[in-house]
Structures are given as structure tokens and as C-alpha cells.
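File shown here: protein.txt, holding compact mmCIF, C-alpha atoms and all ligand atoms.
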# COMPACT_ATOMS: atom_id res chain seq x y z
CA MET A 1190 -34.17 22.14 -17.81
CA LEU A 1191 -34.58 21.10 -14.20
CA ASN A 1192 -34.48 24.41 -12.36
CA ILE A 1193 -36.85 23.39 -9.59
CA ILE A 1194 -38.22 24.65 -6.29
CA LEU A 1195 -39.70 22.38 -3.61
CA MET A 1196 -42.19 24.19 -1.38
CA GLY A 1197 -44.37 23.20 1.53
CA PRO A 1198 -44.56 23.39 5.33
CA PRO A 1199 -41.91 21.74 7.54
CA GLY A 1200 -42.46 17.97 7.54
CA ALA A 1201 -44.38 17.84 4.25
CA GLY A 1202 -41.73 15.62 2.63
CA LYS A 1203 -39.58 18.08 0.64
CA GLY A 1204 -36.26 16.84 2.00
CA THR A 1205 -37.11 13.16 1.48
CA GLN A 1206 -38.16 13.68 -2.15
CA ALA A 1207 -35.17 16.00 -2.68
CA MET A 1208 -32.77 13.14 -1.86
CA LYS A 1209 -34.49 10.90 -4.43
CA ILE A 1210 -34.63 13.61 -7.11
CA ILE A 1211 -30.97 14.55 -6.86
CA ALA A 1212 -29.92 10.89 -6.93
CA LYS A 1213 -31.86 10.26 -10.15
CA TYR A 1214 -31.33 13.54 -11.99
CA GLN A 1215 -27.84 14.48 -10.75
CA ILE A 1216 -28.56 18.12 -10.03
CA PRO A 1217 -27.25 20.04 -7.00
CA HIS A 1218 -29.47 20.11 -3.91
CA ILE A 1219 -29.60 23.63 -2.53
CA SER A 1220 -31.18 23.47 0.92
CA THR A 1221 -30.89 26.80 2.71
CA GLY A 1222 -31.71 25.02 6.00
CA ASP A 1223 -28.76 22.62 5.50
CA MET A 1224 -26.49 25.51 4.52
CA PHE A 1225 -27.42 27.44 7.65
CA ARG A 1226 -26.86 24.36 9.83
CA GLU A 1227 -23.40 23.88 8.26
CA ALA A 1228 -22.53 27.53 8.92
CA ILE A 1229 -23.68 27.12 12.54
CA ALA A 1230 -21.59 23.95 12.97
CA GLU A 1231 -18.54 25.75 11.53
CA GLY A 1232 -19.15 28.76 13.80
CA THR A 1233 -18.99 31.32 10.95
CA PRO A 1234 -20.26 34.89 11.61
CA MET A 1235 -23.26 34.19 9.34
CA GLY A 1236 -23.95 30.98 11.27
CA LYS A 1237 -23.91 32.91 14.53
CA THR A 1238 -26.42 35.42 13.15
CA ALA A 1239 -28.69 32.65 11.82
CA ALA A 1240 -28.64 30.38 14.90
CA GLY A 1241 -30.90 32.53 17.11
CA PHE A 1242 -33.57 32.82 14.43
CA ILE A 1243 -33.48 29.14 13.51
CA ASN A 1244 -33.57 27.69 17.02
CA ALA A 1245 -36.63 29.80 17.85
CA GLY A 1246 -38.34 28.71 14.61
CA ASN A 1247 -38.18 32.16 12.98
CA LEU A 1248 -37.07 32.85 9.44
CA VAL A 1249 -33.54 34.16 8.94
CA PRO A 1250 -33.68 37.74 7.52
CA ASP A 1251 -34.06 38.02 3.75
CA ASP A 1252 -30.78 39.87 3.10
CA VAL A 1253 -28.73 37.11 4.78
CA THR A 1254 -30.64 34.31 3.04
CA ILE A 1255 -30.58 35.91 -0.42
CA ALA A 1256 -26.81 36.54 -0.19
CA LEU A 1257 -26.28 32.86 0.67
CA VAL A 1258 -28.32 31.66 -2.32
CA ARG A 1259 -26.75 34.22 -4.68
CA GLU A 1260 -23.30 32.80 -3.90
CA ARG A 1261 -24.44 29.17 -4.22
CA LEU A 1262 -26.30 29.63 -7.52
CA SER A 1263 -23.26 31.28 -9.09
CA LYS A 1264 -21.21 28.07 -8.65
CA PRO A 1265 -20.50 26.12 -11.87
CA ASP A 1266 -22.46 23.01 -10.81
CA CYS A 1267 -25.74 24.98 -11.13
CA ALA A 1268 -25.14 25.60 -14.83
CA HIS A 1269 -27.10 22.44 -15.73
CA GLY A 1270 -29.96 22.83 -13.29
CA TYR A 1271 -30.61 22.91 -9.57
CA LEU A 1272 -33.09 21.87 -6.90
CA LEU A 1273 -34.00 24.55 -4.36
CA ASP A 1274 -35.37 23.11 -1.12
CA GLY A 1275 -36.67 25.60 1.45
CA PHE A 1276 -35.95 28.70 -0.67
CA PRO A 1277 -37.68 31.02 -1.43
CA ARG A 1278 -39.80 31.38 1.70
CA THR A 1279 -40.90 35.03 1.32
CA ILE A 1280 -42.03 37.26 -1.55
CA PRO A 1281 -38.82 39.37 -1.46
CA GLN A 1282 -36.81 36.11 -1.70
CA ALA A 1283 -38.89 34.97 -4.69
CA GLU A 1284 -38.37 38.33 -6.41
CA ALA A 1285 -34.62 38.17 -5.77
CA LEU A 1286 -34.55 34.61 -7.10
CA ASP A 1287 -36.17 35.75 -10.36
CA THR A 1288 -33.24 38.11 -10.89
CA LEU A 1289 -30.58 35.60 -9.82
CA ALA A 1290 -32.02 32.86 -12.04
CA LYS A 1291 -32.06 35.24 -15.00
CA GLU A 1292 -28.45 36.24 -14.33
CA ILE A 1293 -27.29 32.62 -14.59
CA LYS A 1294 -29.68 31.98 -17.51
CA ARG A 1295 -31.48 29.23 -15.60
CA PRO A 1296 -35.02 30.51 -14.99
CA ILE A 1297 -37.29 28.47 -12.71
CA THR A 1298 -39.07 25.75 -14.71
CA LEU A 1299 -41.16 24.06 -12.00
CA VAL A 1300 -42.39 24.65 -8.44
CA ILE A 1301 -43.63 21.57 -6.58
CA ASP A 1302 -45.86 22.32 -3.59
CA PHE A 1303 -46.16 19.53 -0.98
CA GLU A 1304 -49.54 19.62 0.76
CA CYS A 1305 -49.83 18.01 4.19
CA ALA A 1306 -52.30 18.38 7.09
CA ARG A 1307 -51.10 19.89 10.36
CA PRO A 1308 -51.50 16.83 12.67
CA GLU A 1309 -49.35 14.78 10.29
CA LEU A 1310 -46.71 17.54 10.14
CA ILE A 1311 -46.51 17.53 13.93
CA ARG A 1312 -46.22 13.72 14.02
CA ARG A 1313 -43.47 13.71 11.41
CA ILE A 1314 -41.42 16.54 12.89
CA SER A 1315 -41.56 15.23 16.46
CA GLY A 1316 -40.21 11.83 15.31
CA ARG A 1317 -37.79 13.15 12.71
CA ARG A 1318 -34.09 12.31 12.80
CA VAL A 1319 -31.55 13.61 10.31
CA CYS A 1320 -28.06 12.57 9.31
CA ALA A 1321 -25.53 14.89 10.95
CA VAL A 1322 -23.26 14.50 7.90
CA CYS A 1323 -25.41 14.52 4.74
CA GLY A 1324 -28.75 15.80 6.10
CA ALA A 1325 -30.80 12.78 4.89
CA PRO A 1326 -34.10 12.60 6.78
CA TYR A 1327 -35.49 9.61 8.76
CA HIS A 1328 -38.37 8.96 11.18
CA VAL A 1329 -38.29 6.92 14.38
CA ASP A 1330 -41.42 4.93 13.38
CA THR A 1331 -42.06 5.30 9.68
CA LEU A 1332 -38.69 5.88 7.97
CA LYS A 1333 -36.17 3.87 9.93
CA PRO A 1334 -32.56 3.42 8.82
CA LYS A 1335 -31.28 -0.12 8.19
CA VAL A 1336 -28.98 0.16 11.23
CA GLU A 1337 -30.37 2.11 14.18
CA GLY A 1338 -28.87 5.57 14.57
CA ILE A 1339 -26.81 5.33 11.36
CA CYS A 1340 -27.48 6.95 7.95
CA ASP A 1341 -28.09 4.42 5.14
CA LEU A 1342 -26.53 6.75 2.58
CA CYS A 1343 -23.26 7.88 4.18
CA GLY A 1344 -22.88 6.08 7.53
CA GLY A 1345 -23.21 9.38 9.44
CA LYS A 1346 -24.79 9.61 12.90
CA LEU A 1347 -28.52 10.38 13.11
CA ILE A 1348 -29.49 13.28 15.35
CA GLN A 1349 -32.61 15.27 16.27
CA ARG A 1350 -32.58 18.86 15.01
CA LYS A 1351 -32.66 21.53 17.74
CA ASP A 1352 -35.67 23.21 16.12
CA ASP A 1353 -37.64 19.94 15.77
CA ASN A 1354 -39.62 20.51 18.98
CA VAL A 1355 -43.27 21.48 19.35
CA GLU A 1356 -42.60 25.11 20.44
CA SER A 1357 -40.37 25.91 17.45
CA LEU A 1358 -42.63 23.97 15.12
CA ILE A 1359 -45.64 26.15 16.01
CA VAL A 1360 -43.61 29.28 15.18
CA ARG A 1361 -42.37 27.64 11.93
CA LEU A 1362 -45.90 26.73 10.87
CA GLU A 1363 -47.07 30.29 11.54
CA ALA A 1364 -44.16 31.66 9.48
CA TYR A 1365 -45.16 29.26 6.69
CA GLU A 1366 -48.80 30.40 6.73
CA SER A 1367 -48.10 34.13 6.82
CA LYS A 1368 -44.88 34.51 4.80
CA THR A 1369 -44.45 31.46 2.55
CA LYS A 1370 -47.99 30.49 1.52
CA PRO A 1371 -48.47 33.71 -0.52
CA LEU A 1372 -45.75 32.37 -2.83
CA LEU A 1373 -48.16 29.72 -4.10
CA GLU A 1374 -50.20 32.45 -5.79
CA PHE A 1375 -46.99 34.10 -7.03
CA TYR A 1376 -45.95 30.90 -8.88
CA LYS A 1377 -49.48 29.92 -9.86
CA LYS A 1378 -49.78 33.18 -11.80
CA ARG A 1379 -46.57 32.27 -13.62
CA LYS A 1380 -48.02 28.81 -14.40
CA LEU A 1381 -45.10 27.07 -12.70
CA LEU A 1382 -46.95 25.52 -9.75
CA VAL A 1383 -47.84 21.86 -9.31
CA SER A 1384 -49.35 20.66 -6.01
CA VAL A 1385 -48.80 17.11 -4.77
CA ASP A 1386 -50.18 15.14 -1.82
CA GLY A 1387 -47.41 14.98 0.80
CA LEU A 1388 -49.41 12.34 2.71
CA LYS A 1389 -48.62 9.73 0.07
CA GLY A 1390 -45.87 7.18 0.64
CA VAL A 1391 -42.33 8.22 -0.29
CA ASP A 1392 -42.00 5.84 -3.27
CA VAL A 1393 -45.57 6.33 -4.55
CA LEU A 1394 -45.07 10.08 -4.57
CA PHE A 1395 -41.69 9.84 -6.26
CA GLN A 1396 -43.19 7.67 -9.03
CA GLU A 1397 -45.73 10.46 -9.59
CA LEU A 1398 -42.99 13.07 -9.81
CA VAL A 1399 -40.78 11.19 -12.28
CA PRO A 1400 -42.91 11.72 -15.46
CA LEU A 1401 -43.30 15.38 -14.56
CA LEU A 1402 -39.55 15.81 -14.01
CA ASP A 1403 -38.72 13.85 -17.17
CA ARG A 1404 -40.95 16.17 -19.19
CA ILE A 1405 -39.53 19.37 -17.70
CA GLY A 1406 -35.99 17.99 -17.96
CA THR A 1407 -36.17 17.57 -21.71
CA LYS A 1408 -37.54 21.05 -22.40
P1 LIG B 1501 -35.41 23.83 6.93
O1 LIG B 1501 -34.26 22.89 7.09
O2 LIG B 1501 -35.74 24.14 5.50
O3 LIG B 1501 -36.62 23.41 7.73
O4 LIG B 1501 -34.95 25.22 7.57
C1 LIG B 1501 -34.61 25.31 8.92
C2 LIG B 1501 -34.64 26.76 9.36
O5 LIG B 1501 -33.66 27.51 8.63
C3 LIG B 1501 -35.96 27.48 9.12
O6 LIG B 1501 -36.92 27.24 10.12
C4 LIG B 1501 -35.48 28.93 9.10
O7 LIG B 1501 -35.20 29.38 10.42
C5 LIG B 1501 -34.15 28.83 8.37
N1 LIG B 1501 -34.33 28.96 6.91
C6 LIG B 1501 -34.16 27.99 5.97
N2 LIG B 1501 -34.44 28.47 4.75
C7 LIG B 1501 -34.82 29.76 4.92
C8 LIG B 1501 -35.26 30.78 4.04
N3 LIG B 1501 -35.40 30.58 2.73
N4 LIG B 1501 -35.55 32.00 4.58
C9 LIG B 1501 -35.42 32.23 5.90
N5 LIG B 1501 -35.04 31.31 6.79
C10 LIG B 1501 -34.74 30.08 6.31
Starting from the coordinates I provided, produce the structure as C-alpha cells.
Amino acid sequence: MLNIILMGPPGAGKGTQAMKIIAKYQIPHISTGDMFREAIAEGTPMGKTAAGFINAGNLVPDDVTIALVRERLSKPDCAHGYLLDGFPRTIPQAEALDTLAKEIKRPITLVIDFECARPELIRRISGRRVCAVCGAPYHVDTLKPKVEGICDLCGGKLIQRKDDNVESLIVRLEAYESKTKPLLEFYKKRKLLVSVDGLKGVDVLFQELVPLLDRIGTK
């Protein structure tokens, strides 16, 4: 069963691999970052609460984030697996996820940790562009779309995220170190953690993940 979590600092390659994984394995992509950005674009009350935290690079409070994931995981499309990207990011979120996953009888089967050195994270995030419609990630130098400014997958317009600037990134990296990194130990103890080298090329890394995902998927 593919009930997977992708973890790692911003820019480590989670989103890029997520797009490839969901295309091959047909499981829903649950990106809390994308869900918050949608809520902000729609101007919902939750979006308004989240916007201040996100633009400054801070984590959105746990109660708001957990409620969002609780609702999403209860949807029928998660009954055959799911890919969490950017959740959990704190110990209380991971504990809440344990309960939620048990409730829907889809316990976590694998946590993939993307390792990537800080200078490369900064390079990637400062040149990152994302599709305004489907969220697919690109890079101005190293992951260009076929047609400039246009998403290969859905034809949407490519934009730069508001929080993809050096000031917010420094806050985001600090939040990762202090709040999210402890989760590696949490999942290591449960024997669910696999670490991969986020510096590898997109296709090389995906080819490494496939046998692992195939094995987990048939269990
Ligand atoms: P991402 O697209 O995963 O980089 O997330 C963008 C921003 O959304 C983060 O910097 C946080 O402000 C917020 N966010 C996304 N996921 C979470 C989460 N699990 N907990 C708290 N804040 C989150």
C-alpha cells in the first residue's frame, strides 16, 4: 500500500518527485503548501489566516494544518493510498497523522527523506518557478519548460512564489531544522524512513525510487 510521506527542506526535490510518483502510481498528491495557496487564492477565512505565516516563511499553526489534512484524508480517493508532500512538519502533526491514518485504515508505509545541502537549496529556490494552475515546479536554469513561461503539463502560467525569496527561505530553513528534522528520528524508530540524495538528477532519482515504491505498493 502506497501511503507515503515525502520529507526534506524546501528545494530538496519533493515536489518534482511527487509529480512523477503520482503520474506513475495514480495516487492523490496531498501537498499542504498547495492547499494553503489555493485557499489564499480563493480568499477563504483559512487562507487569510495562513497567508501571513506563509509569506513570512513561518509554519502555519498545527491546529489549522491538521484540520486541513483530516478533511482531505477522509475523501474517498485516499482509500487506495496517498502521497503526503510537506506534511507532517512538526511532532504534533506526525502524532495527529498516526491517528488519522489509523482511522482511515491506511497507516503510513514509507517516509522518503530528501537530503540536500544548503547552498543548493538556496540556488534552487531563488530560481524556482511554479505553475499557477497545477503547482508543477520548474527552474529558470535547470528545469525549463518546453515553452517559456508555460507549464508543460497543463498549459498554466508559470509564476514565482511569494515566499521564494532569500529572507523567507532563511526562516523556512530554520523552521525545518528546529521543527521538522526531529521527525526523521520519529520515523526512523518506526523503521519507515528511507533517505535519498536530493542532489541527484530528477530522472536518476526517480529510477531509484521506483523499485522501492513497487515493493511497498504490493505489500
Ligand atoms: P511548501 O509548498 O510545502 O513549501 O509550503 C509552503 C508554506 O506553507 C510553508 O513554508 C508553510 O508556511 C506552509 N505549510 C505547508 N505545509 C505545512 C505544514 N505541514 N505545517 C505548517 N505549515 C505548512
Within 9 Å of ligand LIG 1501 (chain B), counting all atoms listed in the file, which protein or nucleic acid residues do you find, written as JSON, numbers by chain? {"A": [1198, 1199, 1200, 1203, 1204, 1220, 1221, 1222, 1223, 1224, 1225, 1226, 1239, 1240, 1241, 1242, 1243, 1244, 1245, 1246, 1247, 1248, 1249, 1250, 1251, 1253, 1254, 1255, 1258, 1274, 1275, 1276, 1277, 1278, 1279, 1282, 1352, 1353, 1357, 1358, 1360, 1361, 1364]}
Under the rule that all atoms listed in the file are counted, which of A:Gly1202, A:Leu1381, A:Met1196, A:Val1300 is the nearest residue to A:Arg1313? A:Gly1202
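Atom pair atom CA of A:Ile1405 / atom CA of A:Ile1219: separated by 18.6 Å.
Going from atom CA of A:Ile1193 over to atom CA of A:Leu1299, you cover 5.0 Å.
Using all atoms listed in the file, the nearest neighbour of A:Leu1262 within the list A:Lys1389, A:Lys1294, A:Arg1379, A:Arg1404 is A:Lys1294.
The coordinates place atom CA of A:Tyr1214 at 9.7 Å from atom CA of A:Tyr1271.
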Of the candidates A:Gln1206, A:Gln1396, A:Gln1349, A:Asn1192, which one gets nearest to A:Ala1321 if we count only C-alpha atoms?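 Checking each candidate against A:Ala1321, we get A:Gln1349 as the closest.
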Counting all atoms listed in the file, closest pick from A:Ala1283, A:Val1399, A:Ala1228, A:Cys1343 relative to A:Lys1209 is A:Val1399
Between A:Glu1356, A:Asp1266, A:Asp1386, A:Asp1341, which is the closest to A:Gln1215 once you count only C-alpha atoms?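 Ranking A:Glu1356, A:Asp1266, A:Asp1386, A:Asp1341 by distance to A:Gln1215, first place goes to A:Asp1266.
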